[in-house]
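Containing compact mmCIF, C-alpha atoms and all ligand atoms: protein_22.txt.
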```txt
# COMPACT_ATOMS: atom_id res chain seq x y z
CA MET P 20 17.84 4.26 -6.09
CA ARG P 21 14.46 3.21 -4.69
CA ARG P 22 13.54 -0.47 -4.90
CA PRO P 23 10.01 -0.62 -6.33
CA ILE P 24 7.27 -2.53 -4.53
CA VAL P 25 4.41 -4.51 -6.00
CA ALA P 26 1.94 -5.19 -3.20
CA GLY P 27 -1.23 -7.26 -3.54
CA ASN P 28 -4.18 -6.21 -1.41
CA TRP P 29 -6.41 -9.25 -1.29
CA LYS P 30 -9.06 -7.39 0.73
CA MET P 31 -11.72 -9.88 2.01
CA ASN P 32 -11.16 -12.35 -0.83
CA LEU P 33 -9.94 -15.91 -1.37
CA ASP P 34 -10.19 -18.78 1.09
CA LEU P 35 -7.27 -20.49 2.78
CA ALA P 36 -6.68 -23.06 0.03
CA ALA P 37 -6.94 -20.46 -2.74
CA GLY P 38 -4.59 -18.13 -0.88
CA ARG P 39 -2.01 -20.90 -0.49
CA ASP P 40 -2.31 -21.79 -4.18
CA LEU P 41 -1.84 -18.17 -5.17
CA ILE P 42 1.29 -17.83 -3.04
CA ALA P 43 2.68 -21.07 -4.51
CA SER P 44 2.08 -19.77 -8.05
CA ILE P 45 3.72 -16.40 -7.33
CA ARG P 46 6.68 -18.17 -5.69
CA ALA P 47 7.09 -20.41 -8.72
CA GLU P 48 7.35 -17.39 -11.03
CA TYR P 49 9.15 -14.85 -8.94
CA ALA P 50 12.91 -15.28 -8.65
CA THR P 51 14.39 -13.95 -5.42
CA ALA P 52 17.14 -11.87 -7.00
CA GLU P 53 14.78 -9.61 -8.92
CA PRO P 54 14.97 -5.89 -8.21
CA VAL P 55 11.37 -5.53 -7.04
CA GLU P 56 10.01 -6.12 -3.56
CA VAL P 57 6.82 -8.20 -3.73
CA VAL P 58 4.31 -8.09 -0.87
CA VAL P 59 1.07 -10.01 -0.35
CA CYS P 60 -1.57 -8.72 2.07
CA PRO P 61 -4.09 -11.47 2.88
CA PRO P 62 -6.99 -11.20 5.32
CA THR P 63 -5.84 -11.23 8.96
CA PRO P 64 -6.73 -14.89 9.77
CA TYR P 65 -4.52 -16.03 6.88
CA LEU P 66 -1.39 -14.16 7.95
CA PHE P 67 0.13 -17.08 9.87
CA PRO P 68 -0.53 -19.70 7.15
CA ALA P 69 0.63 -17.22 4.52
CA ALA P 70 3.87 -16.68 6.46
CA LYS P 71 4.37 -20.44 6.44
CA ALA P 72 3.68 -20.63 2.71
CA LEU P 73 6.23 -17.84 2.15
CA ASP P 74 8.91 -19.44 4.31
CA GLY P 75 12.32 -19.35 2.66
CA CYS P 76 11.46 -16.89 -0.09
CA GLU P 77 11.80 -13.13 -0.38
CA ILE P 78 8.15 -12.32 -0.93
CA ARG P 79 7.02 -10.20 2.00
CA LEU P 80 3.85 -10.29 4.03
CA GLY P 81 1.60 -7.35 4.85
CA ALA P 82 -1.58 -6.82 6.85
CA GLN P 83 -4.55 -4.74 5.73
CA ASP P 84 -5.05 -2.77 8.95
CA ILE P 85 -4.18 -2.57 12.66
CA TYR P 86 -5.52 -0.90 15.75
CA TYR P 87 -3.28 1.63 17.44
CA THR P 88 -3.09 0.49 21.07
CA LYS P 89 -0.94 -2.44 22.20
CA SER P 90 -3.72 -4.28 24.01
CA GLY P 91 -6.94 -3.70 25.89
CA ALA P 92 -10.72 -3.85 25.68
CA TYR P 93 -11.07 -3.34 21.92
CA THR P 94 -13.23 -6.24 20.81
CA GLY P 95 -12.45 -7.35 17.29
CA GLU P 96 -9.34 -5.22 16.89
CA VAL P 97 -5.78 -6.44 16.34
CA SER P 98 -2.66 -4.59 17.49
CA ALA P 99 0.45 -3.82 15.46
CA GLU P 100 2.45 -6.06 17.83
CA MET P 101 0.09 -8.99 17.14
CA ILE P 102 0.45 -8.46 13.41
CA ALA P 103 4.25 -8.29 13.71
CA GLU P 104 4.22 -11.68 15.46
CA THR P 105 2.71 -13.27 12.35
CA GLY P 106 5.85 -12.39 10.40
CA ALA P 107 4.33 -9.45 8.53
CA ASP P 108 6.63 -6.56 7.63
CA PHE P 109 4.06 -4.14 6.16
CA VAL P 110 0.62 -2.84 6.98
CA ILE P 111 -1.78 -0.94 4.71
CA LEU P 112 -3.20 2.11 6.49
CA GLY P 113 -5.90 4.57 5.49
CA HIS P 114 -7.15 2.54 2.54
CA SER P 115 -10.00 4.38 0.85
CA GLU P 116 -12.44 1.62 1.77
CA ARG P 117 -11.63 2.26 5.44
CA ARG P 118 -11.83 6.02 4.97
CA HIS P 119 -15.03 6.11 2.91
CA THR P 120 -16.91 2.79 2.78
CA ILE P 121 -16.60 0.58 5.85
CA GLY P 122 -18.52 1.57 9.01
CA HIS P 123 -15.46 2.99 10.80
CA LEU P 124 -14.98 5.88 8.34
CA GLU P 125 -11.44 6.47 9.58
CA ASP P 126 -10.12 9.99 9.80
CA ASP P 127 -6.57 11.24 9.39
CA ARG P 128 -5.98 11.44 13.16
CA MET P 129 -6.82 7.75 13.57
CA ILE P 130 -4.64 6.86 10.59
CA ASN P 131 -1.73 8.82 12.09
CA LEU P 132 -2.11 6.97 15.41
CA LYS P 133 -2.01 3.71 13.49
CA ALA P 134 1.11 4.79 11.59
CA HIS P 135 2.86 5.41 14.92
CA ALA P 136 1.66 2.04 16.21
CA ALA P 137 3.00 0.32 13.10
CA ARG P 138 6.43 1.87 13.57
CA ARG P 139 6.41 1.04 17.28
CA ALA P 140 6.00 -2.64 16.32
CA GLY P 141 8.57 -2.53 13.52
CA LEU P 142 6.05 -2.62 10.67
CA THR P 143 6.36 -0.44 7.58
CA PRO P 144 3.17 1.55 7.06
CA ILE P 145 1.79 1.73 3.51
CA LEU P 146 -0.11 4.97 3.94
CA CYS P 147 -2.87 5.34 1.34
CA VAL P 148 -3.89 8.81 0.21
CA GLY P 149 -6.16 9.86 -2.61
CA GLU P 150 -8.90 12.16 -3.74
CA THR P 151 -12.55 11.38 -4.50
CA LEU P 152 -14.00 12.12 -7.92
CA ALA P 153 -15.81 15.19 -6.51
CA GLU P 154 -12.51 16.50 -5.14
CA ARG P 155 -10.76 15.94 -8.47
CA ASP P 156 -13.59 17.65 -10.36
CA ALA P 157 -13.33 20.57 -7.93
CA GLU P 158 -9.56 20.73 -8.66
CA LYS P 159 -8.76 19.93 -5.05
CA THR P 160 -6.60 16.86 -5.73
CA LEU P 161 -3.25 18.32 -4.70
CA GLU P 162 -4.74 20.03 -1.65
CA VAL P 163 -6.31 16.74 -0.48
CA LEU P 164 -3.04 14.89 -1.01
CA THR P 165 -1.09 17.48 0.97
CA PHE P 166 -3.57 17.29 3.84
CA GLN P 167 -3.76 13.49 4.02
CA LEU P 168 0.01 13.11 3.74
CA THR P 169 0.81 15.80 6.30
CA ALA P 170 -1.78 14.56 8.79
CA GLY P 171 -0.88 10.92 8.24
CA ILE P 172 2.80 11.25 9.08
CA VAL P 173 2.70 13.89 11.85
CA GLY P 174 5.41 13.10 14.39
CA LEU P 175 6.73 10.11 12.44
CA ASP P 176 10.50 9.78 12.25
CA VAL P 177 11.24 8.98 8.59
CA SER P 178 14.75 8.45 7.31
CA GLY P 179 15.01 5.08 5.55
CA ALA P 180 12.90 3.16 3.04
CA LYS P 181 11.50 0.89 5.77
CA ASP P 182 10.04 3.79 7.74
CA LEU P 183 7.28 4.68 5.32
CA VAL P 184 5.67 3.76 2.01
CA ILE P 185 2.99 5.95 0.42
CA ALA P 186 0.28 4.67 -1.93
CA TYR P 187 -1.45 7.21 -4.14
CA GLU P 188 -4.87 5.71 -4.74
CA PRO P 189 -7.41 7.99 -6.39
CA VAL P 190 -10.72 6.81 -4.94
CA TRP P 191 -12.43 7.01 -8.34
CA ALA P 192 -9.93 4.51 -9.76
CA ILE P 193 -10.19 1.79 -7.12
CA GLY P 194 -12.02 -1.28 -8.31
CA THR P 195 -13.66 0.72 -11.10
CA GLY P 196 -11.55 -0.39 -14.06
CA ARG P 197 -10.73 3.28 -14.60
CA ASN P 198 -7.05 3.97 -13.87
CA ALA P 199 -5.36 7.35 -13.59
CA THR P 200 -3.46 8.18 -16.75
CA PRO P 201 0.32 7.93 -16.40
CA ALA P 202 0.47 11.75 -16.54
CA GLN P 203 -2.16 12.13 -13.79
CA ALA P 204 -0.30 9.59 -11.65
CA GLN P 205 3.06 11.29 -12.20
CA GLU P 206 1.60 14.71 -11.34
CA ALA P 207 0.19 13.38 -8.06
CA HIS P 208 3.35 11.44 -7.20
CA ALA P 209 5.65 14.38 -7.97
CA HIS P 210 3.46 16.54 -5.74
CA LEU P 211 3.63 13.98 -2.93
CA ARG P 212 7.42 13.76 -3.32
CA ALA P 213 7.75 17.55 -3.15
CA GLU P 214 5.53 17.68 -0.07
CA LEU P 215 7.54 14.89 1.52
CA ARG P 216 10.71 16.93 0.91
CA ARG P 217 9.11 19.86 2.69
CA LEU P 218 8.10 17.61 5.60
CA ILE P 219 11.08 15.27 6.02
CA GLY P 220 13.83 16.72 3.84
CA ALA P 221 16.19 14.56 1.80
CA ALA P 222 14.71 11.34 3.23
CA ALA P 223 11.82 11.93 0.80
CA ASP P 224 14.02 10.39 -1.89
CA ASN P 225 14.04 7.07 0.02
CA VAL P 226 10.26 6.79 0.31
CA ARG P 227 8.55 4.51 -2.23
CA ILE P 228 5.36 6.06 -3.61
CA LEU P 229 3.11 3.36 -5.11
CA TYR P 230 0.25 3.91 -7.51
CA GLY P 231 -3.00 2.05 -6.86
CA GLY P 232 -6.27 2.04 -8.78
CA SER P 233 -7.19 -0.50 -11.46
CA VAL P 234 -3.61 -1.50 -12.26
CA LYS P 235 -3.69 -4.39 -14.76
CA PRO P 236 -1.04 -6.16 -16.82
CA ASP P 237 -1.78 -3.94 -19.82
CA ASN P 238 -1.41 -0.57 -18.05
CA ALA P 239 1.21 -1.41 -15.41
CA GLY P 240 4.23 -0.79 -17.66
CA GLU P 241 3.41 2.80 -18.55
CA LEU P 242 2.37 3.66 -14.98
CA PHE P 243 5.54 2.17 -13.48
CA ALA P 244 7.70 3.97 -16.07
CA GLN P 245 6.84 7.36 -14.50
CA ALA P 246 9.73 8.92 -12.62
CA ASP P 247 8.01 9.13 -9.24
CA VAL P 248 5.97 5.92 -9.45
CA ASP P 249 7.81 3.27 -7.45
CA GLY P 250 5.53 0.32 -8.11
CA GLY P 251 1.91 -0.40 -7.28
CA LEU P 252 -0.68 -1.40 -4.73
CA ILE P 253 -2.85 -3.87 -6.59
CA GLY P 254 -6.38 -4.96 -5.64
CA GLY P 255 -8.41 -7.06 -8.08
CA ALA P 256 -5.48 -8.04 -10.27
CA SER P 257 -3.54 -9.39 -7.27
CA LEU P 258 -6.02 -12.24 -6.77
CA LYS P 259 -4.78 -14.33 -9.68
CA ALA P 260 -1.19 -15.24 -10.54
CA ASP P 261 -2.13 -14.80 -14.22
CA THR P 262 -2.58 -11.08 -13.66
CA PHE P 263 -0.36 -10.41 -10.63
CA VAL P 264 2.82 -11.98 -12.01
CA PRO P 265 2.78 -9.93 -15.27
CA ILE P 266 2.40 -6.81 -13.11
CA ILE P 267 5.49 -7.84 -11.12
CA ARG P 268 7.30 -8.36 -14.43
CA ALA P 269 6.25 -4.89 -15.61
CA ALA P 270 7.76 -3.43 -12.42
CA VAL P 271 10.95 -5.42 -12.94
CA ALA P 272 11.20 -4.17 -16.54
CA ALA P 273 10.68 -0.56 -15.40
CA ALA P 274 13.31 -0.94 -12.68
CA VAL P 275 16.20 -2.25 -14.78
C1 LIG P 301 -6.85 -1.26 -3.88
O1 LIG P 301 -7.83 -1.73 -3.33
O2 LIG P 301 -5.92 -0.83 -3.19
C2 LIG P 301 -6.85 -1.21 -5.33
C3 LIG P 301 -5.94 -0.49 -5.92
O3 LIG P 301 -7.82 -1.96 -5.98
P1 LIG P 301 -7.94 -2.22 -7.57
O4 LIG P 301 -6.56 -2.55 -8.07
O5 LIG P 301 -8.89 -3.36 -7.69
O6 LIG P 301 -8.45 -0.95 -8.18
```

Could you write out this file's structure as structure tokens?
Amino acid sequence: MRRPIVAGNWKMNLDLAAGRDLIASIRAEYATAEPVEVVVCPPTPYLFPAAKALDGCEIRLGAQDIYYTKSGAYTGEVSAEMIAETGADFVILGHSERRHTIGHLEDDRMINLKAHAARRAGLTPILCVGETLAERDAEKTLEVLTFQLTAGIVGLDVSGAKDLVIAYEPVWAIGTGRNATPAQAQEAHAHLRAELRRLIGAAADNVRILYGGSVKPDNAGELFAQADVDGGLIGGASLKADTFVPIIRAAVAAAV
């Protein structure tokens, strides 16, 4: 059985004090023995203080990106090894904002290099894939997912749950308040699972596939109840304990 994940992507939000307060509130609510893996992904400068704030509890730390080389003349970039030294276990890769919005406009080749770098440093990549609204309207969703998944994990050795996490994040649902319906999410996740089976065989059953895109306390339960939805990658609603903790609870309820 796959252990669901609820991961909070803080993006470029919160300051140090607010981040510490949020971690303290999540810690106060989240009991360590629960069947869901909780991850917080603060901005890079807050990884070390966040690791300190998480000391002694089972909530995990993730980064929002890495660069793919170990070191060198790459001003402003941070390597997977540097991120691993902060105590992080996860790294988000190929987020739609990095693919489509931020100056870098990352392509699948770059994302694949980063996935290899993450594994080299012992980090679990959370590989984000998802179609734009134009691609969905053109009925290209499954084709886009197959391409991004296949290209993203080329050459990656995947056998256990720590080797890879996928996040299905339809671009039109991120930060828009418009979530995929549970049926749309399940269709995409089942497709990704089937494609993973084709690519990596039986290990596909170990890979957690998270849904991301306007997950809130009131829609989390029905999304997480879908057979191939193994938790969520949460943006806006991860910034407040009042919304993040009920989403964790929804994942716990779906898991038991
Ligand atoms: C995200 O940024 O990964 C995300 C899912 O954002 P939101 O929950 O705000 O749609």

Around ligand LIG 301 (chain P), at most 10 Å away and counting all atoms listed in the file, which residues are there? Put them as a tab-separated table (two decimals) with C-alpha atoms, keeping the file's coordinate frame, please.
```tsv
chain	number	residue	atom	x	y	z
P	26	ALA	CA	1.94	-5.19	-3.20
P	27	GLY	CA	-1.23	-7.26	-3.54
P	28	ASN	CA	-4.18	-6.21	-1.41
P	29	TRP	CA	-6.41	-9.25	-1.29
P	30	LYS	CA	-9.06	-7.39	0.73
P	83	GLN	CA	-4.55	-4.74	5.73
P	111	ILE	CA	-1.78	-0.94	4.71
P	114	HIS	CA	-7.15	2.54	2.54
P	115	SER	CA	-10.00	4.38	0.85
P	116	GLU	CA	-12.44	1.62	1.77
P	147	CYS	CA	-2.87	5.34	1.34
P	186	ALA	CA	0.28	4.67	-1.93
P	187	TYR	CA	-1.45	7.21	-4.14
P	188	GLU	CA	-4.87	5.71	-4.74
P	189	PRO	CA	-7.41	7.99	-6.39
P	190	VAL	CA	-10.72	6.81	-4.94
P	191	TRP	CA	-12.43	7.01	-8.34
P	192	ALA	CA	-9.93	4.51	-9.76
P	193	ILE	CA	-10.19	1.79	-7.12
P	194	GLY	CA	-12.02	-1.28	-8.31
P	195	THR	CA	-13.66	0.72	-11.10
P	196	GLY	CA	-11.55	-0.39	-14.06
P	197	ARG	CA	-10.73	3.28	-14.60
P	198	ASN	CA	-7.05	3.97	-13.87
P	229	LEU	CA	3.11	3.36	-5.11
P	230	TYR	CA	0.25	3.91	-7.51
P	231	GLY	CA	-3.00	2.05	-6.86
P	232	GLY	CA	-6.27	2.04	-8.78
P	233	SER	CA	-7.19	-0.50	-11.46
P	234	VAL	CA	-3.61	-1.50	-12.26
P	235	LYS	CA	-3.69	-4.39	-14.76
P	251	GLY	CA	1.91	-0.40	-7.28
P	252	LEU	CA	-0.68	-1.40	-4.73
P	253	ILE	CA	-2.85	-3.87	-6.59
P	254	GLY	CA	-6.38	-4.96	-5.64
P	255	GLY	CA	-8.41	-7.06	-8.08
P	256	ALA	CA	-5.48	-8.04	-10.27
P	257	SER	CA	-3.54	-9.39	-7.27
P	258	LEU	CA	-6.02	-12.24	-6.77
```

At a cut-off of 12 Å around the point (-2.7, 5.8, 9.9) (file coordinates), what residues fall inside when counting all atoms listed in the file? I'd like the answer as a PDB file with C-alpha atoms, keeping the file's coordinate frame.
```pdb
ATOM      1  CA  GLN P  83      -4.550  -4.740   5.730  1.00  0.00           C
ATOM      2  CA  ASP P  84      -5.050  -2.770   8.950  1.00  0.00           C
ATOM      3  CA  ILE P  85      -4.180  -2.570  12.660  1.00  0.00           C
ATOM      4  CA  TYR P  86      -5.520  -0.900  15.750  1.00  0.00           C
ATOM      5  CA  TYR P  87      -3.280   1.630  17.440  1.00  0.00           C
ATOM      6  CA  ALA P  99       0.450  -3.820  15.460  1.00  0.00           C
ATOM      7  CA  VAL P 110       0.620  -2.840   6.980  1.00  0.00           C
ATOM      8  CA  ILE P 111      -1.780  -0.940   4.710  1.00  0.00           C
ATOM      9  CA  LEU P 112      -3.200   2.110   6.490  1.00  0.00           C
ATOM     10  CA  GLY P 113      -5.900   4.570   5.490  1.00  0.00           C
ATOM     11  CA  HIS P 114      -7.150   2.540   2.540  1.00  0.00           C
ATOM     12  CA  SER P 115     -10.000   4.380   0.850  1.00  0.00           C
ATOM     13  CA  ARG P 117     -11.630   2.260   5.440  1.00  0.00           C
ATOM     14  CA  ARG P 118     -11.830   6.020   4.970  1.00  0.00           C
ATOM     15  CA  GLU P 125     -11.440   6.470   9.580  1.00  0.00           C
ATOM     16  CA  ASP P 126     -10.120   9.990   9.800  1.00  0.00           C
ATOM     17  CA  ASP P 127      -6.570  11.240   9.390  1.00  0.00           C
ATOM     18  CA  ARG P 128      -5.980  11.440  13.160  1.00  0.00           C
ATOM     19  CA  MET P 129      -6.820   7.750  13.570  1.00  0.00           C
ATOM     20  CA  ILE P 130      -4.640   6.860  10.590  1.00  0.00           C
ATOM     21  CA  ASN P 131      -1.730   8.820  12.090  1.00  0.00           C
ATOM     22  CA  LEU P 132      -2.110   6.970  15.410  1.00  0.00           C
ATOM     23  CA  LYS P 133      -2.010   3.710  13.490  1.00  0.00           C
ATOM     24  CA  ALA P 134       1.110   4.790  11.590  1.00  0.00           C
ATOM     25  CA  HIS P 135       2.860   5.410  14.920  1.00  0.00           C
ATOM     26  CA  ALA P 136       1.660   2.040  16.210  1.00  0.00           C
ATOM     27  CA  ALA P 137       3.000   0.320  13.100  1.00  0.00           C
ATOM     28  CA  ARG P 138       6.430   1.870  13.570  1.00  0.00           C
ATOM     29  CA  THR P 143       6.360  -0.440   7.580  1.00  0.00           C
ATOM     30  CA  PRO P 144       3.170   1.550   7.060  1.00  0.00           C
ATOM     31  CA  ILE P 145       1.790   1.730   3.510  1.00  0.00           C
ATOM     32  CA  LEU P 146      -0.110   4.970   3.940  1.00  0.00           C
ATOM     33  CA  CYS P 147      -2.870   5.340   1.340  1.00  0.00           C
ATOM     34  CA  VAL P 148      -3.890   8.810   0.210  1.00  0.00           C
ATOM     35  CA  GLN P 167      -3.760  13.490   4.020  1.00  0.00           C
ATOM     36  CA  LEU P 168       0.010  13.110   3.740  1.00  0.00           C
ATOM     37  CA  THR P 169       0.810  15.800   6.300  1.00  0.00           C
ATOM     38  CA  ALA P 170      -1.780  14.560   8.790  1.00  0.00           C
ATOM     39  CA  GLY P 171      -0.880  10.920   8.240  1.00  0.00           C
ATOM     40  CA  ILE P 172       2.800  11.250   9.080  1.00  0.00           C
ATOM     41  CA  VAL P 173       2.700  13.890  11.850  1.00  0.00           C
ATOM     42  CA  GLY P 174       5.410  13.100  14.390  1.00  0.00           C
ATOM     43  CA  LEU P 175       6.730  10.110  12.440  1.00  0.00           C
ATOM     44  CA  LEU P 183       7.280   4.680   5.320  1.00  0.00           C
ATOM     45  CA  VAL P 184       5.670   3.760   2.010  1.00  0.00           C
ATOM     46  CA  ILE P 185       2.990   5.950   0.420  1.00  0.00           C
TER      47      ILE P 185
END
```

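For the set P:His210, P:Arg216, P:Lys71, P:Lys159, the residue with the smallest atom-to-atom gap to P:Ser178 is P:Arg216, counting only C-alpha atoms.
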
- How many Å lie between atom CA of P:Gly240 and atom CA of P:Arg268, rounded to one decimal?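 Going from atom CA of P:Gly240 over to atom CA of P:Arg268, I get 8.8 Å.
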
- At what distance in Å, to one decimal, does atom CA of P:Glu206 lie from atom CA of P:Ala222?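 We find that atom CA of P:Ala222 and atom CA of P:Glu206 lie 19.9 Å from each other.
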
- Item | Between atom CA of P:Ala180 and atom CA of P:Val226 - distance in Å to one decimal |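 Taking atom CA of P:Val226 and atom CA of P:Ala180, their separation equals 5.3 Å.
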
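The residue that comes closest to P:Asp176, out of P:Thr94, P:Ala223, P:Thr160, P:Arg212 and on the basis of all atoms listed in the file, is P:Ala223.
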
- Item | Option closest in space to P:Val248, from P:Asp156, P:Arg21, P:Leu161, P:Met31 [counting all atoms listed in the file] | P:Arg21
